[in-house]
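Source file query.cif; content: mmCIF, C-alpha atoms; chains and numbers go by the auth columns.
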data_input
#
loop_
_atom_site.group_PDB
_atom_site.id
_atom_site.type_symbol
_atom_site.label_atom_id
_atom_site.label_comp_id
_atom_site.label_asym_id
_atom_site.label_seq_id
_atom_site.Cartn_x
_atom_site.Cartn_y
_atom_site.Cartn_z
_atom_site.B_iso_or_equiv
_atom_site.auth_seq_id
_atom_site.auth_asym_id
ATOM 1 C CA SER A 1 46.793 -74.297 -21.394 0.00 27 A
ATOM 2 C CA GLY A 2 50.187 -72.804 -22.160 0.00 28 A
ATOM 3 C CA THR A 3 51.344 -69.315 -23.040 0.00 29 A
ATOM 4 C CA LEU A 4 51.106 -67.455 -26.348 0.00 30 A
ATOM 5 C CA ASN A 5 52.690 -64.063 -27.058 0.00 31 A
ATOM 6 C CA ILE A 6 51.735 -62.222 -30.258 0.00 32 A
ATOM 7 C CA ASP A 7 53.169 -58.981 -31.588 0.00 33 A
ATOM 8 C CA ALA A 8 51.312 -58.178 -34.824 0.00 34 A
ATOM 9 C CA LYS A 9 53.165 -55.314 -36.487 0.00 35 A
ATOM 10 C CA LYS A 10 51.236 -55.332 -39.792 0.00 36 A
ATOM 11 C CA ASN A 11 47.580 -56.048 -38.999 0.00 37 A
ATOM 12 C CA ASN A 12 45.478 -58.297 -36.736 0.00 38 A
ATOM 13 C CA GLY A 13 46.795 -60.477 -33.939 0.00 39 A
ATOM 14 C CA ILE A 14 44.452 -63.456 -34.396 0.00 40 A
ATOM 15 C CA LYS A 15 42.165 -63.837 -37.428 0.00 41 A
ATOM 16 C CA ALA A 16 39.381 -66.409 -37.975 0.00 42 A
ATOM 17 C CA ASN A 17 37.030 -66.284 -40.960 0.00 43 A
ATOM 18 C CA ASP A 18 34.306 -68.331 -39.263 0.00 44 A
ATOM 19 C CA SER A 19 34.391 -69.417 -35.604 0.00 45 A
ATOM 20 C CA LEU A 20 37.016 -69.412 -32.868 0.00 46 A
ATOM 21 C CA HIS A 21 36.685 -71.174 -29.498 0.00 47 A
ATOM 22 C CA MET A 22 39.377 -70.785 -26.830 0.00 48 A
ATOM 23 C CA THR A 23 39.530 -72.617 -23.497 0.00 49 A
ATOM 24 C CA GLY A 24 42.384 -71.855 -21.138 0.00 50 A
ATOM 25 C CA GLY A 25 45.835 -70.435 -21.571 0.00 51 A
ATOM 26 C CA THR A 26 47.695 -67.188 -21.014 0.00 52 A
ATOM 27 C CA TYR A 27 47.927 -64.674 -23.857 0.00 53 A
ATOM 28 C CA LYS A 28 49.736 -61.404 -24.416 0.00 54 A
ATOM 29 C CA ILE A 29 48.665 -59.765 -27.661 0.00 55 A
ATOM 30 C CA SER A 30 49.664 -56.463 -29.217 0.00 56 A
ATOM 31 C CA SER A 31 48.569 -55.437 -32.705 0.00 57 A
ATOM 32 C CA VAL A 32 48.439 -52.493 -35.081 0.00 58 A
ATOM 33 C CA GLY A 33 45.037 -53.777 -36.217 0.00 59 A
ATOM 34 C CA ASP A 34 42.506 -55.783 -34.193 0.00 60 A
ATOM 35 C CA ALA A 35 43.848 -58.152 -31.559 0.00 61 A
ATOM 36 C CA PHE A 36 41.027 -60.614 -32.397 0.00 62 A
ATOM 37 C CA ASN A 37 39.236 -60.402 -35.740 0.00 63 A
ATOM 38 C CA VAL A 38 36.566 -63.098 -36.125 0.00 64 A
ATOM 39 C CA ASN A 39 33.594 -63.200 -38.489 0.00 65 A
ATOM 40 C CA ASP A 40 30.894 -65.474 -37.076 0.00 66 A
ATOM 41 C CA GLU A 41 31.416 -66.721 -33.502 0.00 67 A
ATOM 42 C CA LEU A 42 33.952 -66.076 -30.752 0.00 68 A
ATOM 43 C CA ASN A 43 33.827 -68.027 -27.474 0.00 69 A
ATOM 44 C CA ILE A 44 36.537 -67.494 -24.846 0.00 70 A
ATOM 45 C CA THR A 45 36.551 -69.342 -21.515 0.00 71 A
ATOM 46 C CA GLY A 46 39.087 -69.722 -18.717 0.00 72 A
ATOM 47 C CA THR A 47 41.873 -67.573 -20.125 0.00 73 A
ATOM 48 C CA THR A 48 44.168 -64.821 -18.904 0.00 74 A
ATOM 49 C CA MET A 49 44.755 -62.090 -21.490 0.00 75 A
ATOM 50 C CA THR A 50 46.626 -58.829 -21.736 0.00 76 A
ATOM 51 C CA ILE A 51 45.683 -57.006 -24.938 0.00 77 A
ATOM 52 C CA GLU A 52 46.858 -53.775 -26.546 0.00 78 A
ATOM 53 C CA ALA A 53 45.341 -53.056 -29.955 0.00 79 A
ATOM 54 C CA GLU A 54 45.513 -49.917 -32.050 0.00 80 A
ATOM 55 C CA GLU A 55 42.063 -50.772 -33.438 0.00 81 A
ATOM 56 C CA ASP A 56 39.486 -53.120 -31.810 0.00 82 A
ATOM 57 C CA ALA A 57 40.712 -55.494 -29.108 0.00 83 A
ATOM 58 C CA VAL A 58 38.283 -58.448 -28.926 0.00 84 A
ATOM 59 C CA LYS A 59 36.079 -58.384 -32.008 0.00 85 A
ATOM 60 C CA VAL A 60 33.622 -60.600 -33.864 0.00 86 A
ATOM 61 C CA ASP A 61 31.806 -58.903 -36.703 0.00 87 A
ATOM 62 C CA ASN A 62 29.609 -59.976 -39.606 0.00 88 A
ATOM 63 C CA ASP A 63 27.761 -57.139 -41.332 0.00 89 A
ATOM 64 C CA ASP A 64 26.000 -59.498 -43.765 0.00 90 A
ATOM 65 C CA ASP A 65 24.158 -61.676 -41.228 0.00 91 A
ATOM 66 C CA THR A 66 22.848 -60.304 -37.915 0.00 92 A
ATOM 67 C CA SER A 67 22.198 -63.836 -36.598 0.00 93 A
ATOM 68 C CA VAL A 68 25.958 -64.450 -36.282 0.00 94 A
ATOM 69 C CA GLY A 69 28.787 -62.235 -35.069 0.00 95 A
ATOM 70 C CA THR A 70 28.162 -63.637 -31.569 0.00 96 A
ATOM 71 C CA MET A 71 30.499 -63.665 -28.565 0.00 97 A
ATOM 72 C CA TYR A 72 30.495 -65.594 -25.296 0.00 98 A
ATOM 73 C CA LEU A 73 32.890 -64.808 -22.425 0.00 99 A
ATOM 74 C CA SER A 74 33.228 -66.650 -19.116 0.00 100 A
ATOM 75 C CA ASP A 75 35.813 -67.152 -16.384 0.00 101 A
ATOM 76 C CA ASN A 76 38.438 -64.973 -18.061 0.00 102 A
ATOM 77 C CA THR A 77 40.817 -62.368 -16.702 0.00 103 A
ATOM 78 C CA MET A 78 41.262 -59.720 -19.408 0.00 104 A
ATOM 79 C CA THR A 79 43.089 -56.407 -19.360 0.00 105 A
ATOM 80 C CA ILE A 80 42.392 -54.398 -22.509 0.00 106 A
ATOM 81 C CA LYS A 81 43.683 -51.216 -24.101 0.00 107 A
ATOM 82 C CA ALA A 82 42.142 -50.426 -27.481 0.00 108 A
ATOM 83 C CA GLY A 83 42.307 -47.617 -29.994 0.00 109 A
ATOM 84 C CA ASP A 84 38.662 -48.243 -30.887 0.00 110 A
ATOM 85 C CA ASP A 85 36.281 -50.791 -29.301 0.00 111 A
ATOM 86 C CA GLY A 86 37.419 -52.827 -26.326 0.00 112 A
ATOM 87 C CA ILE A 87 34.975 -55.730 -26.760 0.00 113 A
ATOM 88 C CA HIS A 88 32.843 -55.717 -29.913 0.00 114 A
ATOM 89 C CA ALA A 89 30.236 -58.126 -31.303 0.00 115 A
ATOM 90 C CA SER A 90 27.976 -57.314 -34.246 0.00 116 A
ATOM 91 C CA GLY A 91 25.627 -59.999 -32.901 0.00 117 A
ATOM 92 C CA ASP A 92 24.721 -61.108 -29.381 0.00 118 A
ATOM 93 C CA LEU A 93 27.346 -60.650 -26.644 0.00 119 A
ATOM 94 C CA ILE A 94 27.092 -62.573 -23.374 0.00 120 A
ATOM 95 C CA ILE A 95 29.377 -62.214 -20.355 0.00 121 A
ATOM 96 C CA ASP A 96 28.720 -64.853 -17.706 0.00 122 A
ATOM 97 C CA SER A 97 31.710 -64.548 -15.364 0.00 123 A
ATOM 98 C CA GLY A 98 35.301 -63.378 -15.039 0.00 124 A
ATOM 99 C CA THR A 99 37.187 -60.118 -14.629 0.00 125 A
ATOM 100 C CA TYR A 100 37.381 -57.618 -17.493 0.00 126 A
ATOM 101 C CA LYS A 101 39.209 -54.304 -17.371 0.00 127 A
ATOM 102 C CA VAL A 102 38.868 -52.098 -20.429 0.00 128 A
ATOM 103 C CA GLU A 103 41.387 -49.441 -19.435 0.00 129 A
ATOM 104 C CA LYS A 104 41.367 -47.543 -22.732 0.00 130 A
ATOM 105 C CA SER A 105 38.798 -47.469 -25.551 0.00 131 A
ATOM 106 C CA THR A 106 36.600 -45.325 -27.743 0.00 132 A
ATOM 107 C CA GLU A 107 33.613 -47.541 -26.963 0.00 133 A
ATOM 108 C CA GLY A 108 34.175 -50.067 -24.215 0.00 134 A
ATOM 109 C CA ILE A 109 31.704 -52.886 -24.880 0.00 135 A
ATOM 110 C CA GLU A 110 29.434 -53.102 -27.904 0.00 136 A
ATOM 111 C CA GLY A 111 27.010 -55.698 -29.235 0.00 137 A
ATOM 112 C CA LYS A 112 23.685 -56.001 -31.015 0.00 138 A
ATOM 113 C CA SER A 113 22.557 -57.230 -27.626 0.00 139 A
ATOM 114 C CA VAL A 114 24.723 -57.067 -24.514 0.00 140 A
ATOM 115 C CA THR A 115 23.856 -59.448 -21.657 0.00 141 A
ATOM 116 C CA ILE A 116 25.806 -59.423 -18.398 0.00 142 A
ATOM 117 C CA ASN A 117 24.962 -62.322 -16.092 0.00 143 A
ATOM 118 C CA GLY A 118 28.002 -62.100 -13.836 0.00 144 A
ATOM 119 C CA GLY A 119 31.622 -61.070 -13.485 0.00 145 A
ATOM 120 C CA ASN A 120 33.467 -57.909 -12.525 0.00 146 A
ATOM 121 C CA ILE A 121 33.714 -55.418 -15.384 0.00 147 A
ATOM 122 C CA ASP A 122 35.493 -52.046 -15.420 0.00 148 A
ATOM 123 C CA VAL A 123 35.230 -49.835 -18.499 0.00 149 A
ATOM 124 C CA TYR A 124 36.740 -46.509 -19.427 0.00 150 A
ATOM 125 C CA ALA A 125 35.663 -45.075 -22.796 0.00 151 A
ATOM 126 C CA THR A 126 35.988 -41.717 -24.494 0.00 152 A
ATOM 127 C CA ASP A 127 32.603 -42.315 -26.179 0.00 153 A
ATOM 128 C CA ASP A 128 29.880 -44.683 -24.940 0.00 154 A
ATOM 129 C CA GLY A 129 30.889 -47.163 -22.258 0.00 155 A
ATOM 130 C CA VAL A 130 28.466 -49.963 -23.116 0.00 156 A
ATOM 131 C CA ASN A 131 26.595 -49.702 -26.394 0.00 157 A
ATOM 132 C CA ALA A 132 23.832 -51.996 -27.658 0.00 158 A
ATOM 133 C CA ALA A 133 23.603 -51.198 -31.352 0.00 159 A
ATOM 134 C CA ASN A 134 23.626 -52.594 -34.867 0.00 160 A
ATOM 135 C CA ALA A 135 22.478 -50.460 -37.794 0.00 161 A
ATOM 136 C CA ASN A 136 21.476 -53.597 -39.742 0.00 162 A
ATOM 137 C CA ALA A 137 19.261 -55.031 -36.986 0.00 163 A
ATOM 138 C CA SER A 138 15.706 -54.177 -36.019 0.00 164 A
ATOM 139 C CA GLN A 139 15.150 -52.277 -32.786 0.00 165 A
ATOM 140 C CA SER A 140 13.447 -55.317 -31.252 0.00 166 A
ATOM 141 C CA GLU A 141 16.736 -57.249 -31.510 0.00 167 A
ATOM 142 C CA ILE A 142 18.750 -54.618 -29.664 0.00 168 A
ATOM 143 C CA VAL A 143 18.926 -54.706 -25.867 0.00 169 A
ATOM 144 C CA PHE A 144 21.200 -54.139 -22.892 0.00 170 A
ATOM 145 C CA LYS A 145 20.395 -56.655 -20.176 0.00 171 A
ATOM 146 C CA MET A 146 21.988 -57.128 -16.762 0.00 172 A
ATOM 147 C CA THR A 147 21.047 -59.890 -14.337 0.00 173 A
ATOM 148 C CA GLY A 148 24.135 -60.069 -12.105 0.00 174 A
ATOM 149 C CA GLY A 149 27.759 -59.131 -11.564 0.00 175 A
ATOM 150 C CA THR A 150 29.338 -55.715 -11.151 0.00 176 A
ATOM 151 C CA LEU A 151 29.683 -53.144 -13.921 0.00 177 A
ATOM 152 C CA ASN A 152 31.713 -49.955 -13.413 0.00 178 A
ATOM 153 C CA VAL A 153 31.696 -47.492 -16.318 0.00 179 A
ATOM 154 C CA GLU A 154 33.339 -44.108 -16.742 0.00 180 A
ATOM 155 C CA VAL A 155 33.105 -42.078 -19.947 0.00 181 A
ATOM 156 C CA GLY A 156 34.793 -38.946 -21.241 0.00 182 A
ATOM 157 C CA GLN A 157 33.305 -35.509 -21.709 0.00 183 A
ATOM 158 C CA GLY A 158 30.954 -34.602 -24.554 0.00 184 A
ATOM 159 C CA ASP A 159 27.974 -36.423 -26.057 0.00 185 A
ATOM 160 C CA THR A 160 28.764 -39.681 -24.291 0.00 186 A
ATOM 161 C CA ASP A 161 26.706 -42.169 -22.308 0.00 187 A
ATOM 162 C CA PRO A 162 27.851 -44.801 -19.796 0.00 188 A
ATOM 163 C CA ILE A 163 25.139 -47.166 -21.065 0.00 189 A
ATOM 164 C CA ASP A 164 23.518 -46.571 -24.456 0.00 190 A
ATOM 165 C CA SER A 165 20.977 -48.835 -26.132 0.00 191 A
ATOM 166 C CA ASN A 166 19.408 -48.265 -29.529 0.00 192 A
ATOM 167 C CA GLY A 167 16.699 -50.595 -28.279 0.00 193 A
ATOM 168 C CA ASP A 168 15.673 -51.614 -24.749 0.00 194 A
ATOM 169 C CA ILE A 169 17.320 -51.694 -21.329 0.00 195 A
ATOM 170 C CA ILE A 170 16.497 -54.430 -18.803 0.00 196 A
ATOM 171 C CA VAL A 171 18.078 -54.485 -15.341 0.00 197 A
ATOM 172 C CA SER A 172 17.043 -57.272 -12.961 0.00 198 A
ATOM 173 C CA GLY A 173 20.155 -57.682 -10.810 0.00 199 A
ATOM 174 C CA GLY A 174 23.800 -56.891 -10.214 0.00 200 A
ATOM 175 C CA THR A 175 25.570 -53.662 -9.320 0.00 201 A
ATOM 176 C CA ILE A 176 25.948 -50.781 -11.788 0.00 202 A
ATOM 177 C CA ASN A 177 28.226 -47.803 -11.065 0.00 203 A
ATOM 178 C CA LEU A 178 28.230 -45.070 -13.717 0.00 204 A
ATOM 179 C CA THR A 179 30.273 -41.893 -14.094 0.00 205 A
ATOM 180 C CA GLY A 180 29.449 -39.461 -16.883 0.00 206 A
ATOM 181 C CA GLN A 181 27.174 -36.704 -18.163 0.00 207 A
ATOM 182 C CA SER A 182 24.200 -39.049 -18.001 0.00 208 A
ATOM 183 C CA GLY A 183 23.387 -42.508 -16.771 0.00 209 A
ATOM 184 C CA PHE A 184 21.438 -44.272 -19.483 0.00 210 A
ATOM 185 C CA ASP A 185 20.317 -43.486 -23.013 0.00 211 A
ATOM 186 C CA PHE A 186 17.889 -45.692 -24.916 0.00 212 A
ATOM 187 C CA ASP A 187 15.534 -45.599 -27.884 0.00 213 A
ATOM 188 C CA GLY A 188 13.121 -48.332 -26.805 0.00 214 A
ATOM 189 C CA SER A 189 11.856 -49.053 -23.282 0.00 215 A
ATOM 190 C CA ALA A 190 13.537 -49.534 -19.900 0.00 216 A
ATOM 191 C CA THR A 191 12.631 -52.081 -17.239 0.00 217 A
ATOM 192 C CA TYR A 192 14.092 -52.203 -13.722 0.00 218 A
ATOM 193 C CA THR A 193 13.215 -55.010 -11.287 0.00 219 A
ATOM 194 C CA GLY A 194 16.332 -55.423 -9.132 0.00 220 A
ATOM 195 C CA GLY A 195 19.990 -54.645 -8.496 0.00 221 A
ATOM 196 C CA ASP A 196 21.828 -51.521 -7.339 0.00 222 A
ATOM 197 C CA ILE A 197 22.444 -48.447 -9.485 0.00 223 A
ATOM 198 C CA THR A 198 24.833 -45.608 -8.639 0.00 224 A
ATOM 199 C CA ILE A 199 25.306 -42.624 -10.952 0.00 225 A
ATOM 200 C CA ASN A 200 28.056 -40.075 -10.281 0.00 226 A
ATOM 201 C CA LYS A 201 28.440 -41.423 -6.711 0.00 227 A
ATOM 202 C CA LEU A 202 24.739 -40.978 -6.020 0.00 228 A
ATOM 203 C CA ARG A 203 23.192 -44.295 -5.080 0.00 229 A
ATOM 204 C CA LEU A 204 19.590 -44.625 -6.102 0.00 230 A
ATOM 205 C CA LYS A 205 18.455 -46.281 -2.898 0.00 231 A
ATOM 206 C CA THR A 206 14.915 -47.167 -3.792 0.00 232 A
ATOM 207 C CA GLN A 207 13.550 -49.183 -6.654 0.00 233 A
ATOM 208 C CA CYS A 208 11.324 -46.251 -7.530 0.00 234 A
ATOM 209 C CA LEU A 209 14.260 -43.860 -7.916 0.00 235 A
ATOM 210 C CA ALA A 210 16.272 -46.330 -9.963 0.00 236 A
ATOM 211 C CA ALA A 211 13.321 -47.030 -12.217 0.00 237 A
ATOM 212 C CA VAL A 212 12.826 -43.323 -12.822 0.00 238 A
ATOM 213 C CA ALA A 213 16.549 -42.870 -13.499 0.00 239 A
ATOM 214 C CA LEU A 214 16.216 -45.426 -16.249 0.00 240 A
ATOM 215 C CA LYS A 215 13.042 -43.788 -17.513 0.00 241 A
ATOM 216 C CA VAL A 216 14.414 -40.270 -17.811 0.00 242 A
ATOM 217 C CA ALA A 217 17.855 -41.526 -18.855 0.00 243 A
ATOM 218 C CA VAL A 218 19.740 -38.409 -17.754 0.00 244 A
ATOM 219 C CA VAL A 219 20.134 -38.665 -13.980 0.00 245 A
ATOM 220 C CA PRO A 220 22.154 -37.302 -12.336 0.00 246 A
ATOM 221 C CA LYS A 221 23.647 -34.736 -14.712 0.00 247 A
ATOM 222 C CA VAL A 222 26.665 -32.550 -14.145 0.00 248 A
ATOM 223 C CA VAL A 223 24.434 -29.737 -12.836 0.00 249 A
ATOM 224 C CA GLY A 224 24.736 -31.427 -9.440 0.00 250 A
ATOM 225 C CA ASN A 225 23.563 -34.518 -7.654 0.00 251 A
ATOM 226 C CA GLN A 226 21.087 -32.693 -5.408 0.00 252 A
ATOM 227 C CA VAL A 227 19.290 -31.033 -8.318 0.00 253 A
ATOM 228 C CA ALA A 228 19.158 -34.307 -10.190 0.00 254 A
ATOM 229 C CA LEU A 229 17.880 -36.144 -7.126 0.00 255 A
ATOM 230 C CA GLU A 230 15.111 -33.579 -6.661 0.00 256 A
ATOM 231 C CA GLU A 231 14.081 -34.010 -10.283 0.00 257 A
ATOM 232 C CA VAL A 232 13.894 -37.769 -9.871 0.00 258 A
ATOM 233 C CA THR A 233 12.064 -37.575 -6.558 0.00 259 A
ATOM 234 C CA LYS A 234 9.337 -35.422 -8.092 0.00 260 A
ATOM 235 C CA GLU A 235 8.619 -38.083 -10.724 0.00 261 A
ATOM 236 C CA SER A 236 8.710 -40.961 -8.256 0.00 262 A
#
Using the file provided, produce a representation of the structure as structure tokens.
Amino acid sequence: SGTLNIDAKKNNGIKANDSLHMTGGTYKISSVGDAFNVNDELNITGTTMTIEAEEDAVKVDNDDDTSVGTMYLSDNTMTIKAGDDGIHASGDLIIDSGTYKVEKSTEGIEGKSVTINGGNIDVYATDDGVNAANANASQSEIVFKMTGGTLNVEVGQGDTDPIDSNGDIIVSGGTINLTGQSGFDFDGSATYTGGDITINKLRLKTQCLAAVALKVAVVPKVVGNQVALEEVTKES
């Protein structure tokens, strides 16, 4: 509990070489570097945070060991503005509950694997909104998975994707609203078994349509919702 205000004018706001666990409290952090810079494990539960970082906002990163660099978030209220990544984990990232608003970022949420089990998440990114990636990991370790909650993602113009996975995509529940040139991009496989998906205000009302949208990874494009819908319908 309590309140902590940090204004880091030289580098990072909070630095931990190994692990950092936080439970409760209200935090206002501004930094010229990362707001959080942790190496191995970052767990944050039950906090209220306002973060403005010129580099990454909430970050755990270990390039030497892909089994660490993990992050767990639950029951937080976070408002984030970042010059680079909003929420970044080089390892596995899990969001179980809470409210997260990434109002400014280059990439909104990134992890070797990104699992969303619940919560309300809003992301604006000039590059990819949610990115499952790690150049040091095998493709089988990389996945975007959503089982519940609400995820709203908007990305800027150019070669950008609301949800990008260098491995697999698995959607079994929750609500996904995407705004961008495409919906999904992935290098592995995509599996859809439940939940609601809306891309550029076009709700994919049937499981068949949503599954195809994941399969083709580019629906609907800026050429127009009707054209995109016709393309999907043909494959379904």
Using all atoms listed in the file, find each residue of segment 116-210 of chain A with at least one atom at most 10 Å away from an atom of segment 54-69 of chain A; report its shortest atom-to-atom pair and that distance in Å (one decimal), sort the rows by chain and rising residue number, and return the result as JSON lines.
{"residue": "A:Ser116", "atom": "CA", "partner": "A:Asp66", "partner_atom": "CA", "distance": 9.1}
{"residue": "A:Gly117", "atom": "CA", "partner": "A:Asp66", "partner_atom": "CA", "distance": 8.7}
{"residue": "A:Asp118", "atom": "CA", "partner": "A:Glu67", "partner_atom": "CA", "distance": 9.7}
{"residue": "A:Leu119", "atom": "CA", "partner": "A:Leu68", "partner_atom": "CA", "distance": 9.5}
{"residue": "A:Ile120", "atom": "CA", "partner": "A:Asn69", "partner_atom": "CA", "distance": 9.6}
Taking all atoms of segment 73-90 of chain A that appear in the file, build a box with edges along x, y and z, extend it by 4 Å on every side, and state its centre and edge lengths in Å to one decimal, as JSON.
{"center_x": 36.4, "center_y": -58.7, "center_z": -31.3, "size_x": 28.9, "size_y": 25.7, "size_z": 32.9}
Residues returned when the PyMOL selection byres ((chain A and resi 174) around 6) runs on this file, as a list in words |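 Selection result, ordered by chain and number: Asn143, Gly144, Met172, Thr173, Gly175, Gly199 and Gly200 of chain A.
Take atom CA of Thr96 of chain A and atom CA of Asp44 of chain A: the distance between them is 10.9 Å.
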Find the residue from A:Thr71, A:Thr125, A:Thr141, A:Ser27 that sits nearest to His47 of chain A; use all atoms listed in the file when measuring.
->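 Using all atoms listed in the file, His47 of chain A sits closest to A:Thr71.
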Shortest contact to Ala216 of chain A, candidates A:Lys171, A:Ala42, A:Pro188, A:Gly182, atoms counted all atoms listed in the file, goes to A:Lys171
Shortest contact to Met75 of chain A, candidates A:Gly184, A:Gly50, A:Gly109, A:Gly193, atoms counted all atoms listed in the file, goes to A:Gly50
So which residues touch Asn192 of chain A within 7 Å, counting only C-alpha atoms, skipping near sequence neighbours fewer than 2 positions away, as a ChimeraX atom specification?
-> /A:158-159,165,168,190,194,212-214
Fewer than 5 positions away in the same chain doesn't count, so skip those; otherwise give me all residues within 6 Å of Lys107 of chain A, counting all atoms listed in the file, as number ranges by chain.
-> A: 78, 129-130
Output for the residues just chosen: C-alpha atoms as a compact mmCIF listing (two decimals), keeping the file's coordinate frame:
# COMPACT_ATOMS: atom_id res chain seq x y z
CA GLU A 78 46.86 -53.78 -26.55
CA GLU A 129 41.39 -49.44 -19.43
CA LYS A 130 41.37 -47.54 -22.73
